[in-house]
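Asks: Quick one: structure below, then a few questions.
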Protein chains: 2
Amino acid sequence: MTNGDLPTSLHDGTPVNRLGPVERRNSSSSGADHTSAKRRVTIREVANLAQVSLGTVSNVLNNPLVVAPATRKRVLDAIDSTRFVRNTAAHQLRVGKSRTIGVVLLDIANPFFTEIVRGAEHVLREQDYALMLCSTDESAKRERRYFRVLEEHRVDGILVCPVDSDLESAVALVASGIPTVLLDRDGSSHGLCSAAVDDIRGAELAADHLFELGHQAIALVNGPATIRQCIDRKEGARRSVQRARCRSASLKEIVVGALTIDQGEAAVVALLAAEPRPSAVMCANDLLAFGVLRGLAAAGVAVPEEMAVVGYDDVVFASMLSPSLSSVRQPKYELGVAAAELLLEEVTGAPHEHRAIRFEPELVVRASSTPRPVSAPPTN
Amino acid sequence: MTNGDLPTSLHDGTPVNRLGPVERRNSSSSGADHTSAKRRVTIREVANLAQVSLGTVSNVLNNPLVVAPATRKRVLDAIDSTRFVRNTAAHQLRVGKSRTIGVVLLDIANPFFTEIVRGAEHVLREQDYALMLCSTDESAKRERRYFRVLEEHRVDGILVCPVDSDLESAVALVASGIPTVLLDRDGSSHGLCSAAVDDIRGAELAADHLFELGHQAIALVNGPATIRQCIDRKEGARRSVQRARCRSASLKEIVVGALTIDQGEAAVVALLAAEPRPSAVMCANDLLAFGVLRGLAAAGVAVPEEMAVVGYDDVVFASMLSPSLSSVRQPKYELGVAAAELLLEEVTGAPHEHRAIRFEPELVVRASSTPRPVSAPPTN
DNA sequence: TGCCTGATTTGAAACGATTCATTCCTTTTC
DNA sequence: GAAAAGGAATGAATCGTTTCAAATCAGGCA
């Protein structure tokens with residue numbers, strides 16, 4: 001393995017002359033391949049080989065029934081003996097469709113979005129659409145940039161979970177002629193298609209649950225108020241407080257910069273310093289809750305005894321944490337499927353009216369908000 | 001709305017079931033919008049408005065310095081007053097580059113891959129590349145299909161974590177002229193670029209660790225032997241067994257169909273039935289380990305007392321589980337960055353020789369494999 | 001004034017597919 | 001046997017850019 005068969009980057013020693021043609025090519029078939037840039041097969045070569053015209057090849061590809069069986073076979077043979085692969089760019093230029101869908105979401109590392117993407121991908125791949133995936137990391141600037149890239153690519157449609165609370169950017173997309181469906185955001189106010197879950201309701205469920213357990217001072221670890229989901233979830237919590245029987249019920253909001261584990265952990269300082277000190281905390285999403293749990297553990301605060309915790313999204317891992325995390329479940333996969341189907345409908349020009357699909361959230365209670373029975377845990 | 005114009009699926013008098021979503025039509029600006037498909041602005045309109053030729057507009061776009069400042073300004077003004085957006089398809093057709101990179105991985109829902117994607121995305125977006133993300137779910141058929149789609153789109157390059165253990169498919173890609181870099185797979189044997197971690201070594205670390213703890217019968221919950229990572233990790237474990245001082249050391253492999261949580265949980269039955277019954281189990285990845293933990297908890301088997309567990313990948317959530325999961329850490333983000341940089345180098349035609357970048361794995365020991373101290377946990 | 005030079009600008013020819021009005025063949029019909 | 005009908009195949013025009021040889025322009029210099 002020490003001989004120079006295949007020089008690795010670190011295999012330095014002597015400077016390789018960078019300009020002149022290198023004399024020793026990589027032994028294996030690699031190397032200066034891209035110089036003699038593999039000439040791609042075009043429809044014309046197929047036509048020549050099959051002794052037909054361009055139009056006929058095109059027909060075999062797009063409209064096989066109008067071609068006589070014998071010729072069709074000849075063309076098909078030529079196609080795979082030349083290894084012809086249709087050039088989407090040329091196709092797109094002519095017909096105006098790219099067979100590509102853009103998906104723009106807040107954070108690809110969040111299992112919530114991952115699950116949504118899975119759902120969307122499953123329906124879109126059936127129709128041979130390609131997905132362009134973009135993760136904005138909650139940055140409006142990045143979102144703009146991605147939208148621009150997607151526009152340039154003339155994607156047939158976009159699924160987007162917008163960064164900003166107003167829907168300006170999404171409306172602009174639609175205005176510029178790109179079918180757009182909102183993901184995890186209601187669009188009915190702006191006449192946009194959407195697949196979403198009722199966030200106000202979800203947050204109410206969570207807060208109600210905590211109040212019912214007897215907590216009075218509860219905290220909400222929330223993301224930036226630019227994000228709609230954060231606004232709505234706060235609103236839900238607020239309503240719950242107002243409805244709470246006990247009038248000493250209070251809600252302390254702790255706003256962090258992003259919906260991530262790290263930010264959740266960082267929020268614990270403020271959480272523990274709050275006056276009066278909350279006995280329960282709900283988080284705008286599970287990642288924040290994960291961070292809060294970690295922070296509380298580090299601070300030696302027992303969950304749920306000293307602090308009950310509820311998350312939001314119910315990502316797969318929520319049930320496996322220590323302690324297992326109570327959370328507001330959203331039908332993630334189904335959300336992705338619904339959004340994709342909606343978009344597909346619009347893209348294919350099927351009879352279609354813009355509409356908002358809304359799912360109901362559901363509270364899942366687990367250990368992080370359940371007072372443990374006084375009896376010892378099953379030790380046997 | 002009762003006429004048959006547009007039958008929405010659920011739009012009837014029946015009560016809304018809690019599972020199905022609710023649909024609300026959006027009154028505003030719906031309907032036949034897409035019929036009058038927004039005519040896209042072309043370079044020609046810009047040219048007319050700015051009173052210059054096509055070539056000049058193109059120069060402003062691609063080669064601004066050769067255009068006189070005054071004309072340049074005129075053109076730029078025209079560009080944004082017409083809201084011109086360059087058509088990538090046409091561009092690509094002419095210059096042959098699509099500014100798109102395909103990323104093909106095993107499972108988009110696995111945080112391991114998600115983290116890799118993040119890394120890759122961060123470097124690629126700097127260069128304004130778009131990403132086409134494809135999740136094969138470990139199916140070779142799907143992989144083929146995605147490769148085909150990517151070829152048709154003439155992506156400039158592909159990052160791929162191949163499904164099959166041989167590298168045939170990847171080699172074919174390269175042969176067909178698409179720069180390709182392997183992700184989490186070593187490619188030096190085939191002269192391919194790659195960014196990977198030494199899986200044999202990683203598995204050795206895990207197994208050594210278990211043997212050092214005194215375990216003699218250990219199990220390996222492994223994925224299908226078509227996947228290279230699974231082969232290598234088994235090999236690592238095997239070597240460790242052979243090296244183990246104790247000659248009663250044994251390794252029982254339990255093969256499951258996919259590297260998922262569910263499959264891991266399902267493996268527990270076989271795990272507990274194995275003869276001799278293993279006292280420790282290592283898993284081919286963390287998702288499997290998560291499932292195993294879940295299964296063991298359900299079966300009432302205490303971890304680590306009755307069964308030690310070690311995962312592989314060290315995804316973010318591993319440290320937060322109950323009990324926290326020992327795992328073999330891989331530099332995920334860096335893997336993505338390295339692979340993307342390698343690809344970029346090749347794509348941009350920078351002086352480049354195919355090479356394999358290799359990272360070292362690292363064992364992270366946590367509660368799932370650490371005998372608890374006999375003293376009671378801190379109850380105060 | 002006339003010629004030369006270098007800086008700008010022009011516009012026609014690609015790129016690779018799809019469309020569609022024509023042309024070319026067979027059959028069928030009378 | 002001629003005409004009509006209809007099925008197949010053709011190929012030029014087109015999509016929106018980029019490229020590049022050629023045309024144009026503005027000074028500078030003798």
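Numbering starts fresh at 1 for the residues of each chain in the structure tokens, the chains themselves are lettered A, B, ... in the order given, and ligands are numbered from 1 as they appear.
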With only C-alpha atoms (C1' of nucleotides) considered, list every residue of chain D at most 8 Å from chain B, as a list in words.
Replies: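 Listed by rising number, the hits are DG16, DT17 and DT18 of chain D.
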Asks: Save out the residues we just selected, N, CA and C atoms (P, O5', C5', C4', C3', O3' and C1' of nucleotides), as a compact mmCIF listing (two decimals), in the first residue's frame.
Replies:
```txt
# COMPACT_ATOMS: atom_id res chain seq x y z
P DG D 16 -38.51 31.04 -24.96
O5' DG D 16 -37.00 31.09 -24.43
C5' DG D 16 -36.68 30.34 -23.28
C4' DG D 16 -35.22 30.51 -22.97
C3' DG D 16 -34.74 31.96 -22.94
O3' DG D 16 -33.82 32.05 -21.88
C1' DG D 16 -33.49 30.77 -24.53
P DT D 17 -33.18 33.41 -21.42
O5' DT D 17 -31.71 32.94 -21.10
C5' DT D 17 -30.73 33.13 -22.02
C4' DT D 17 -29.76 31.99 -21.98
C3' DT D 17 -28.36 32.54 -22.11
O3' DT D 17 -27.56 32.13 -21.03
C1' DT D 17 -28.90 31.06 -23.94
P DT D 18 -26.18 32.92 -20.82
O5' DT D 18 -25.25 32.31 -21.97
C5' DT D 18 -24.82 30.98 -21.85
C4' DT D 18 -23.95 30.61 -23.03
C3' DT D 18 -22.66 31.41 -23.14
O3' DT D 18 -21.63 30.47 -23.42
C1' DT D 18 -23.84 31.51 -25.17
```
Asks: Could you list, as a ChimeraX atom specification, the residues of chain C having an atom within 12 Å of chain A when counting only C-alpha atoms (C1' of nucleotides)?
Replies: /C:15-20
Asks: Write out as a PyMOL selection string every residue belonging to chain A that has an atom at most 7 Å from any atom of chain B, counting only C-alpha atoms.
Replies: chain A and resi 7-9+18+28+30-31+38+85-90+92-93+108-109+111+114-115+130-133+152-154+177+188+191+320-323+351-359
Asks: Generate a file of the selected residues that holds C-alpha atoms, formatted as a PDB file, in the first residue's frame.
Replies:
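Printed below is out.pdb as written:
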```
ATOM      1  CA  PRO A   7      -1.473   8.843  -5.197  1.00  0.00           C
ATOM      2  CA  THR A   8      -3.557  10.186  -2.386  1.00  0.00           C
ATOM      3  CA  SER A   9      -3.700  13.832  -1.573  1.00  0.00           C
ATOM      4  CA  ARG A  18       0.234  21.875 -12.198  1.00  0.00           C
ATOM      5  CA  SER A  28      -6.679   2.749 -13.180  1.00  0.00           C
ATOM      6  CA  SER A  30      -9.302   7.364 -14.039  1.00  0.00           C
ATOM      7  CA  GLY A  31      -7.387  10.511 -14.759  1.00  0.00           C
ATOM      8  CA  LYS A  38     -17.272  12.098 -22.969  1.00  0.00           C
ATOM      9  CA  VAL A  85     -30.024   9.192 -22.222  1.00  0.00           C
ATOM     10  CA  ARG A  86     -32.472  11.959 -22.869  1.00  0.00           C
ATOM     11  CA  ASN A  87     -31.204  15.449 -22.121  1.00  0.00           C
ATOM     12  CA  THR A  88     -33.645  17.043 -19.753  1.00  0.00           C
ATOM     13  CA  ALA A  89     -32.359  20.530 -20.443  1.00  0.00           C
ATOM     14  CA  ALA A  90     -33.230  20.353 -24.107  1.00  0.00           C
ATOM     15  CA  GLN A  92     -37.327  21.385 -20.786  1.00  0.00           C
ATOM     16  CA  LEU A  93     -36.350  24.201 -23.088  1.00  0.00           C
ATOM     17  CA  ILE A 108     -32.932  19.338   7.191  1.00  0.00           C
ATOM     18  CA  ALA A 109     -31.371  18.008  10.375  1.00  0.00           C
ATOM     19  CA  PRO A 111     -36.360  14.709  12.042  1.00  0.00           C
ATOM     20  CA  THR A 114     -37.026  14.655   7.370  1.00  0.00           C
ATOM     21  CA  GLU A 115     -40.188  12.709   7.857  1.00  0.00           C
ATOM     22  CA  ALA A 130     -36.633  15.006  -9.100  1.00  0.00           C
ATOM     23  CA  LEU A 131     -36.434  16.882  -5.821  1.00  0.00           C
ATOM     24  CA  MET A 132     -34.274  19.876  -5.160  1.00  0.00           C
ATOM     25  CA  LEU A 133     -33.903  20.034  -1.436  1.00  0.00           C
ATOM     26  CA  GLU A 152     -33.641  29.785 -12.557  1.00  0.00           C
ATOM     27  CA  HIS A 153     -34.061  26.063 -12.761  1.00  0.00           C
ATOM     28  CA  ARG A 154     -37.682  26.620 -13.662  1.00  0.00           C
ATOM     29  CA  GLY A 177     -45.945  31.674 -12.012  1.00  0.00           C
ATOM     30  CA  SER A 188     -55.873  30.029   3.367  1.00  0.00           C
ATOM     31  CA  GLY A 191     -55.364  31.865  -1.055  1.00  0.00           C
ATOM     32  CA  MET A 320     -36.762   7.057  23.490  1.00  0.00           C
ATOM     33  CA  LEU A 321     -35.243   9.821  25.549  1.00  0.00           C
ATOM     34  CA  SER A 322     -34.543   9.783  29.213  1.00  0.00           C
ATOM     35  CA  PRO A 323     -37.070  10.603  30.435  1.00  0.00           C
ATOM     36  CA  PRO A 351     -58.856  20.450 -12.202  1.00  0.00           C
ATOM     37  CA  HIS A 352     -57.829  22.198  -9.088  1.00  0.00           C
ATOM     38  CA  GLU A 353     -58.783  24.855  -6.636  1.00  0.00           C
ATOM     39  CA  HIS A 354     -56.354  26.195  -4.139  1.00  0.00           C
ATOM     40  CA  ARG A 355     -57.128  24.752  -0.801  1.00  0.00           C
ATOM     41  CA  ALA A 356     -55.780  24.320   2.662  1.00  0.00           C
ATOM     42  CA  ILE A 357     -55.585  20.861   4.119  1.00  0.00           C
ATOM     43  CA  ARG A 358     -55.534  20.882   7.843  1.00  0.00           C
ATOM     44  CA  PHE A 359     -54.630  18.072  10.200  1.00  0.00           C
TER      45      PHE A 359
END
```
Asks: May I have the residues within 7 Å of segment 226-238 of chain B as a VMD selection string, using only C-alpha atoms (C1' of nucleotides) and disregarding those fewer than 3 positions away in the same chain?
Replies: chain B and resid 163 to 165 199 to 201 203 to 204 207 222 to 223 241 to 242 284
Asks: Which residues are close to DC3 of chain C, i.e. within 12 Å by only C-alpha atoms (C1' of nucleotides), leaving aside same-chain residues fewer than 3 positions away? Reply as a PyMOL selection string.
Replies: chain D and resi 28-30
Asks: Write down as a list in words the residues belonging to segment 264-326 of chain B that are assigned helix (DSSP H, G or I) by DSSP computed on the backbone.
Replies: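 Taking segment 264-326 of chain B and keeping helix (DSSP H, G or I) gives Gly264, Glu265, Ala266, Ala267, Val268, Val269, Ala270, Leu271, Leu272, Ala273, Asp286, Leu287, Leu288, Ala289, Phe290, Gly291, Val292, Leu293, Arg294, Gly295, Leu296, Ala297, Ala298, Ala299, Val316, Phe317, Ala318, Ser319 and Met320 of chain B.
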Asks: Could you name the residues that touch Asn285 of chain A at 7 Å or less, counting only C-alpha atoms (C1' of nucleotides), but leaving out those on the same chain fewer than 4 positions away, as a list in words?
Replies: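 After dropping sequence-adjacent residues, the list is Leu259, Ala289, Gly311, Tyr312 and Asp313 of chain A.
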Asks: I need the residues in segment 59-272 of chain B that are strand (DSSP E) according to DSSP; give them as an MDAnalysis selection string.
Replies: chainID B and resid 100:105 130:135 157:160 180:183 193:197 217:222 250:255
Asks: Quick one, how far is atom CA of Lys97 of chain B from atom CA of Gly157 of chain B?
Replies: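 Atom CA of Gly157 of chain B lies 9.9 Å from atom CA of Lys97 of chain B.
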Asks: Just want the 8 Å neighbourhood of segment 360-374 of chain A, counted on only C-alpha atoms (C1' of nucleotides), with same-chain residues fewer than 4 positions away dropped. Output as a list in words.
Replies: Val197, Asp198, Asp199, Arg201, Gly202, Leu205, Ala206, Leu210, Val303, Pro304, Glu305, Ala308, Val309, Val310, Asp314, Ser319, Pro323, Ser324, Leu325, Ser326, Ser327, Val328, Arg329, Gln330 and Pro331 of chain A; Arg18, Leu19 and Pro21 of chain B
Asks: Write a file of the just-selected residues containing N, CA and C atoms, as a PDB file, in the first residue's frame.
Replies:
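Everything below was put into selection25.pdb:
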```pdb
ATOM      1  N   VAL A 197     -50.897  21.703  10.181  1.00  0.00           N
ATOM      2  CA  VAL A 197     -51.523  21.220  11.395  1.00  0.00           C
ATOM      3  C   VAL A 197     -51.898  22.459  12.204  1.00  0.00           C
ATOM      4  N   ASP A 198     -52.966  22.352  12.946  1.00  0.00           N
ATOM      5  CA  ASP A 198     -53.413  23.505  13.719  1.00  0.00           C
ATOM      6  C   ASP A 198     -52.489  23.734  14.913  1.00  0.00           C
ATOM      7  N   ASP A 199     -51.605  24.698  14.770  1.00  0.00           N
ATOM      8  CA  ASP A 199     -50.593  24.914  15.802  1.00  0.00           C
ATOM      9  C   ASP A 199     -51.154  25.545  17.069  1.00  0.00           C
ATOM     10  N   ARG A 201     -54.092  25.085  18.271  1.00  0.00           N
ATOM     11  CA  ARG A 201     -54.728  23.977  18.974  1.00  0.00           C
ATOM     12  C   ARG A 201     -53.690  23.073  19.658  1.00  0.00           C
ATOM     13  N   GLY A 202     -52.643  22.770  18.952  1.00  0.00           N
ATOM     14  CA  GLY A 202     -51.615  21.900  19.498  1.00  0.00           C
ATOM     15  C   GLY A 202     -51.020  22.468  20.777  1.00  0.00           C
ATOM     16  N   LEU A 205     -53.358  22.180  23.633  1.00  0.00           N
ATOM     17  CA  LEU A 205     -53.337  20.831  24.203  1.00  0.00           C
ATOM     18  C   LEU A 205     -52.208  20.689  25.214  1.00  0.00           C
ATOM     19  N   ALA A 206     -51.041  21.153  24.798  1.00  0.00           N
ATOM     20  CA  ALA A 206     -49.880  21.013  25.664  1.00  0.00           C
ATOM     21  C   ALA A 206     -50.053  21.811  26.954  1.00  0.00           C
ATOM     22  N   LEU A 210     -50.568  20.722  31.057  1.00  0.00           N
ATOM     23  CA  LEU A 210     -49.733  21.140  32.187  1.00  0.00           C
ATOM     24  C   LEU A 210     -50.562  21.772  33.300  1.00  0.00           C
ATOM     25  N   VAL A 303     -36.545  15.811  36.258  1.00  0.00           N
ATOM     26  CA  VAL A 303     -37.714  15.861  35.387  1.00  0.00           C
ATOM     27  C   VAL A 303     -38.445  14.546  35.538  1.00  0.00           C
ATOM     28  N   PRO A 304     -39.717  14.546  35.798  1.00  0.00           N
ATOM     29  CA  PRO A 304     -40.616  15.692  35.835  1.00  0.00           C
ATOM     30  C   PRO A 304     -40.828  16.283  37.233  1.00  0.00           C
ATOM     31  N   GLU A 305     -40.192  15.694  38.269  1.00  0.00           N
ATOM     32  CA  GLU A 305     -40.509  16.136  39.626  1.00  0.00           C
ATOM     33  C   GLU A 305     -40.350  17.646  39.816  1.00  0.00           C
ATOM     34  N   ALA A 308     -41.587  19.813  34.788  1.00  0.00           N
ATOM     35  CA  ALA A 308     -42.214  18.989  33.751  1.00  0.00           C
ATOM     36  C   ALA A 308     -41.853  19.573  32.388  1.00  0.00           C
ATOM     37  N   VAL A 309     -41.716  18.722  31.390  1.00  0.00           N
ATOM     38  CA  VAL A 309     -41.320  19.200  30.061  1.00  0.00           C
ATOM     39  C   VAL A 309     -42.232  18.597  28.988  1.00  0.00           C
ATOM     40  N   VAL A 310     -42.666  19.441  28.088  1.00  0.00           N
ATOM     41  CA  VAL A 310     -43.445  18.969  26.945  1.00  0.00           C
ATOM     42  C   VAL A 310     -42.844  19.538  25.664  1.00  0.00           C
ATOM     43  N   ASP A 314     -43.383  15.535  18.239  1.00  0.00           N
ATOM     44  CA  ASP A 314     -43.267  14.105  18.481  1.00  0.00           C
ATOM     45  C   ASP A 314     -42.436  13.413  17.399  1.00  0.00           C
ATOM     46  N   SER A 319     -39.810   9.482  22.071  1.00  0.00           N
ATOM     47  CA  SER A 319     -40.258   8.413  22.958  1.00  0.00           C
ATOM     48  C   SER A 319     -39.097   7.636  23.559  1.00  0.00           C
ATOM     49  N   PRO A 323     -35.857  11.409  30.496  1.00  0.00           N
ATOM     50  CA  PRO A 323     -37.070  10.603  30.435  1.00  0.00           C
ATOM     51  C   PRO A 323     -37.760  10.772  29.089  1.00  0.00           C
ATOM     52  N   SER A 324     -38.637   9.845  28.775  1.00  0.00           N
ATOM     53  CA  SER A 324     -39.330   9.951  27.495  1.00  0.00           C
ATOM     54  C   SER A 324     -40.141  11.247  27.476  1.00  0.00           C
ATOM     55  N   LEU A 325     -40.171  11.848  26.308  1.00  0.00           N
ATOM     56  CA  LEU A 325     -40.695  13.208  26.207  1.00  0.00           C
ATOM     57  C   LEU A 325     -42.169  13.262  25.794  1.00  0.00           C
ATOM     58  N   SER A 326     -42.960  13.929  26.594  1.00  0.00           N
ATOM     59  CA  SER A 326     -44.330  14.215  26.173  1.00  0.00           C
ATOM     60  C   SER A 326     -44.257  15.197  25.025  1.00  0.00           C
ATOM     61  N   SER A 327     -45.172  15.062  24.074  1.00  0.00           N
ATOM     62  CA  SER A 327     -45.057  15.945  22.920  1.00  0.00           C
ATOM     63  C   SER A 327     -46.388  16.048  22.188  1.00  0.00           C
ATOM     64  N   VAL A 328     -46.484  17.034  21.350  1.00  0.00           N
ATOM     65  CA  VAL A 328     -47.677  17.185  20.529  1.00  0.00           C
ATOM     66  C   VAL A 328     -47.392  16.557  19.169  1.00  0.00           C
ATOM     67  N   ARG A 329     -48.104  15.512  18.885  1.00  0.00           N
ATOM     68  CA  ARG A 329     -47.835  14.769  17.664  1.00  0.00           C
ATOM     69  C   ARG A 329     -48.432  15.439  16.438  1.00  0.00           C
ATOM     70  N   GLN A 330     -47.639  15.489  15.397  1.00  0.00           N
ATOM     71  CA  GLN A 330     -48.140  15.955  14.118  1.00  0.00           C
ATOM     72  C   GLN A 330     -47.966  14.820  13.116  1.00  0.00           C
ATOM     73  N   PRO A 331     -48.910  14.667  12.217  1.00  0.00           N
ATOM     74  CA  PRO A 331     -48.797  13.602  11.211  1.00  0.00           C
ATOM     75  C   PRO A 331     -47.803  14.042  10.143  1.00  0.00           C
TER      76      PRO A 331
ATOM     77  N   ARG B  18     -61.174  11.755  12.803  1.00  0.00           N
ATOM     78  CA  ARG B  18     -60.024  12.451  13.373  1.00  0.00           C
ATOM     79  C   ARG B  18     -58.745  12.143  12.634  1.00  0.00           C
ATOM     80  N   LEU B  19     -58.795  11.085  11.839  1.00  0.00           N
ATOM     81  CA  LEU B  19     -57.583  10.728  11.129  1.00  0.00           C
ATOM     82  C   LEU B  19     -57.410  11.549   9.865  1.00  0.00           C
ATOM     83  N   PRO B  21     -57.584  14.485   7.210  1.00  0.00           N
ATOM     84  CA  PRO B  21     -57.428  15.923   7.307  1.00  0.00           C
ATOM     85  C   PRO B  21     -58.679  16.645   6.850  1.00  0.00           C
TER      86      PRO B  21
END
```
Asks: Please identify all polymer residues within 9 Å of segment 10-12 of chain C, counting only C-alpha atoms (C1' of nucleotides), omitting same-chain residues fewer than 5 positions from it, and present them as a PDB file with N, CA, C and O atoms (P, O5', C5', C4', C3', O3' and C1' of nucleotides), in the first residue's frame.
Replies:
```
ATOM      1  N   VAL B  52     -29.947  47.108 -26.823  1.00  0.00           N
ATOM      2  CA  VAL B  52     -28.670  46.482 -27.172  1.00  0.00           C
ATOM      3  C   VAL B  52     -28.953  45.135 -27.809  1.00  0.00           C
ATOM      4  O   VAL B  52     -30.112  44.722 -27.921  1.00  0.00           O
ATOM      5  N   SER B  53     -27.907  44.456 -28.200  1.00  0.00           N
ATOM      6  CA  SER B  53     -28.102  43.157 -28.831  1.00  0.00           C
ATOM      7  C   SER B  53     -28.130  42.051 -27.780  1.00  0.00           C
ATOM      8  O   SER B  53     -27.759  42.258 -26.630  1.00  0.00           O
ATOM      9  N   LEU B  54     -28.542  40.894 -28.209  1.00  0.00           N
ATOM     10  CA  LEU B  54     -28.571  39.737 -27.322  1.00  0.00           C
ATOM     11  C   LEU B  54     -27.196  39.485 -26.708  1.00  0.00           C
ATOM     12  O   LEU B  54     -27.064  39.254 -25.510  1.00  0.00           O
ATOM     13  N   GLY B  55     -26.207  39.525 -27.571  1.00  0.00           N
ATOM     14  CA  GLY B  55     -24.855  39.224 -27.118  1.00  0.00           C
ATOM     15  C   GLY B  55     -24.422  40.126 -25.977  1.00  0.00           C
ATOM     16  O   GLY B  55     -23.751  39.685 -25.041  1.00  0.00           O
ATOM     17  N   THR B  56     -24.803  41.359 -26.037  1.00  0.00           N
ATOM     18  CA  THR B  56     -24.392  42.291 -24.989  1.00  0.00           C
ATOM     19  C   THR B  56     -25.031  41.939 -23.659  1.00  0.00           C
ATOM     20  O   THR B  56     -24.370  41.933 -22.620  1.00  0.00           O
TER      21      THR B  56
ATOM     22  P    DA D  22     -14.366  36.112 -39.722  1.00  0.00           P
ATOM     23  O5'  DA D  22     -15.227  37.444 -39.676  1.00  0.00           O
ATOM     24  C5'  DA D  22     -16.641  37.332 -39.853  1.00  0.00           C
ATOM     25  C4'  DA D  22     -17.286  38.657 -39.535  1.00  0.00           C
ATOM     26  C3'  DA D  22     -16.625  39.858 -40.198  1.00  0.00           C
ATOM     27  O3'  DA D  22     -17.639  40.590 -40.863  1.00  0.00           O
ATOM     28  C1'  DA D  22     -16.931  40.259 -37.881  1.00  0.00           C
ATOM     29  P    DA D  23     -17.317  41.916 -41.653  1.00  0.00           P
ATOM     30  O5'  DA D  23     -18.046  43.011 -40.754  1.00  0.00           O
ATOM     31  C5'  DA D  23     -19.425  42.819 -40.437  1.00  0.00           C
ATOM     32  C4'  DA D  23     -19.863  43.925 -39.508  1.00  0.00           C
ATOM     33  C3'  DA D  23     -19.523  45.324 -40.028  1.00  0.00           C
ATOM     34  O3'  DA D  23     -20.634  46.162 -39.768  1.00  0.00           O
ATOM     35  C1'  DA D  23     -18.554  44.999 -37.885  1.00  0.00           C
ATOM     36  P    DT D  24     -20.621  47.664 -40.310  1.00  0.00           P
ATOM     37  O5'  DT D  24     -20.307  48.473 -38.980  1.00  0.00           O
ATOM     38  C5'  DT D  24     -21.088  48.213 -37.827  1.00  0.00           C
ATOM     39  C4'  DT D  24     -20.552  49.025 -36.683  1.00  0.00           C
ATOM     40  C3'  DT D  24     -20.202  50.461 -37.042  1.00  0.00           C
ATOM     41  O3'  DT D  24     -20.936  51.310 -36.183  1.00  0.00           O
ATOM     42  C1'  DT D  24     -18.470  49.457 -35.766  1.00  0.00           C
TER      43       DT D  24
END
```
